[in-house]
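Novice: Structure incoming, see below.
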Number of protein chains: 2
Amino acid sequence: MLILTLLAAQAAAAQSAAASQGVPPPAGPPKTPSEVVAQAPATAWRGIPADDLLIIDLKTGGRIIVQLAPAFAPVHVANIRLLAKSNHWDGSAIYRVQDNYVAQWGNGESEKPYPKGFVAAPPAEYHRTLKGLSVRPLGYPDAYAPKAGFAGGWPMAYDPKSGTANLVHCYASVGVGRGLTDTGNGGELYAIIGNAPRQLDRNIAVVGRVIEGIERLSSLPRGTEALGFYKERSSDVPIASVRLASEIPAAERPQFEYMDVMGASFGNYLRLRANRKDDFYIRPAGGVEICNAPVPVRRKVAGERG
Amino acid sequence: MLILTLLAAQAAAAQSAAASQGVPPPAGPPKTPSEVVAQAPATAWRGIPADDLLIIDLKTGGRIIVQLAPAFAPVHVANIRLLAKSNHWDGSAIYRVQDNYVAQWGNGESEKPYPKGFVAAPPAEYHRTLKGLSVRPLGYPDAYAPKAGFAGGWPMAYDPKSGTANLVHCYASVGVGRGLTDTGNGGELYAIIGNAPRQLDRNIAVVGRVIEGIERLSSLPRGTEALGFYKERSSDVPIASVRLASEIPAAERPQFEYMDVMGASFGNYLRLRANRKDDFYIRPAGGVEICNAPVPVRRKVAGERG
């Protein structure tokens, strides 16, 4: 969670340390988005299914965890699950890091055979029908779409007139690399590591978002070739394995939950994201962009039911 | 400049190589923002004064160049110039890198004496009067302000009703670190290395933007302490020197120019930023956020007048 005091670090650090040591937060209603998240009751959270968690282990030891979005790109996500289960990406690499844009990995043109059931040419899952989604409107104007809002654990744009909705490209969003005339098959994935490139919305399949370890991608050296590709293969960042959490023994599985966007806690969170009121802020904006109000995610608290 | 084809890298790389080798671009009007920039006539560009260029040389050899914005934060910028001229920052460091937020450097609480003329407590230059600015409206809604647009070389938000304008926090924007009750004095600076944190607008002094070398900041290891501060001083990234370009002998000075936002070239650039039409895009958005249409800047072409 971003804490926005820029210089007065010591006070904030002390506060954060106090919070992590179980000191009760100040009395009264939460004043900041972080306080809303910290104080949200257990009922405000929804477990993320183990089949929706993609675990990428780098050879150097770091881990990146992606939450998949099967409700928005079912065929691409099914492909991604099949690739993980068949160890397709083990030994692949991150080979492109373009500043203020994307980190990209995988091996879409691998010579490994694709697993049974893999769809070589998925449909263009760039948007879906609005029907069936419970929508929390953002409530502020969007430069790219008629409306912005949230459904499930996801930020999205939508058009009530045409009845369509699409995931938006925010920081840490994960999409499927594609060529000029295809939709990509899921073998090549990218994560956004810069300002939200919303112009990509509805032009490419968004399949999820990085919920842990995005800094392992965003701090990688930038590639020096056109589009941020690494010049030498020796610069590639090797991937040891990619697995679904559901493939890991239950006791070792990382477990996550996201804040229910239809609940009161998320409503408070969103209101305070648009109207910052902690000691640092002099003038709350009275508005927020969809990508500046990320749906809160946390490691599941032990002892809670899923 | 971002090139947006994600997977079809080879074609784009070839095109880019051709451009840099002086091969004429394809005939006809420009189809992409990059082509507009490449084809813009000399009259579309405005030189950046040498006094507005802050040159940060890292001890490890890298260089970061910041364009200052005296029209928006004159007292803070005057302080920054004085600090550069008095070698105040030589031997300081980058000591904070917070993912999807800021890299911060300097030594605001240095024990070095401040130079003569330094203003210890500058006014809150968080916005200015709209009067005197030639404004190119963005033309699309903004979630944070009544209007967004451009003036000089700068992206800004403004309110025709109150007659005020302010620089906005975009990727690579540079601002002045401050405490809870002061405005900062310019001794501590930060650059944005993530999604535009527009909630900071009008709450802190924006004094410029990184126009070269932002990737040297954005790819730094993230700090592990609260707010992204480095835990150990040995993790700090040492700064060898900070100078104004005007302090460097004319023959060695880096020279830059930005695209005039009131000109026809910038109008075309903006239109195509909002309506991507290259071979990759299927659905142009028909809109753009202020921070996704950065004012083009380039190294000055040799032989041109300044």
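Ordered as shown in the structure tokens, chains take letters A, B, and onward, while each chain numbers its residues from 1 and ligands are numbered from 1 in the order shown.
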Near region 197-212 of chain A, within 8 Å and counting only C-alpha atoms, which residues show up once chain neighbours fewer than 4 positions away are dropped, as JSON, numbers by chain?

Specialist: {"A": [63, 64, 65, 66, 67, 68, 69, 70, 72, 73, 76, 77, 101, 124, 125, 126, 127, 144, 166, 167, 168, 169, 170, 172, 173, 174, 175, 176, 177, 178, 183, 191, 192, 297], "B": [274, 276, 281, 282, 283, 284, 285, 288, 292]}

Novice: Using only C-alpha atoms, I'd like every residue of chain A that has an atom within 7 Å of chain B; please write them out as an MDAnalysis selection string.

Specialist: chainID A and resid 3 6:8 13 99 140:144 171 177:180 194:196 199 202:203 215 218:221 226:227 279:283 285:289

Novice: CA of Arg136 (chain B) and CA of Thr164 (chain B), how far apart in Å?

Specialist: 14.9 Å

Novice: How many Å lie between CA of Glu252 (chain A) and CA of Ala40 (chain A), rounded to one decimal?

Specialist: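 Distance reported for this atom pair: 26.1 Å.
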
Novice: Can you list every residue in region 101-296 of chain A that DSSP puts in strand (DSSP E), as a ChimeraX atom specification?

Specialist: /A:102-106,128-129,136-137,147-151,154-159,164-167,173-176,188-192,206-212,237-244,256-259

Novice: Determine, counting only C-alpha atoms, which protein, DNA and RNA residues have an atom within 12 Å of an atom of Asn268 (chain B); residues of the same chain fewer than 2 positions away are not included. Present the result as a VMD selection string.

Specialist: chain B and resid 29 to 37 39 to 40 44 259 to 266 270 to 276 293

Novice: Figure out the distance between CA of Arg253 (chain A) and CA of Arg299 (chain A), please, to one decimal in Å.

Specialist: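 Calculated distance between CA of Arg299 (chain A) and CA of Arg253 (chain A) is 10.9 Å.
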
Novice: Can you tell me, as a PDB file with C-alpha atoms, in the first residue's frame, what residues are no more than 6 Å from Asp236 (chain A) when counting only C-alpha atoms, ignoring any on the same chain fewer than 6 positions away?

Specialist:
```
ATOM      1  CA  ALA A  93      13.042 -16.485 -19.419  1.00  0.00           C
ATOM      2  CA  ILE A  94      12.162 -12.828 -19.087  1.00  0.00           C
ATOM      3  CA  TYR A  95      13.699 -11.429 -22.257  1.00  0.00           C
TER       4      TYR A  95
END
```

Novice: If you run DSSP over the backbone, which residues in region 2-194 of chain A end up alpha helix (DSSP H)? Put them as a PyMOL selection string.

Specialist: chain A and resi 9-20+33-39+74-85
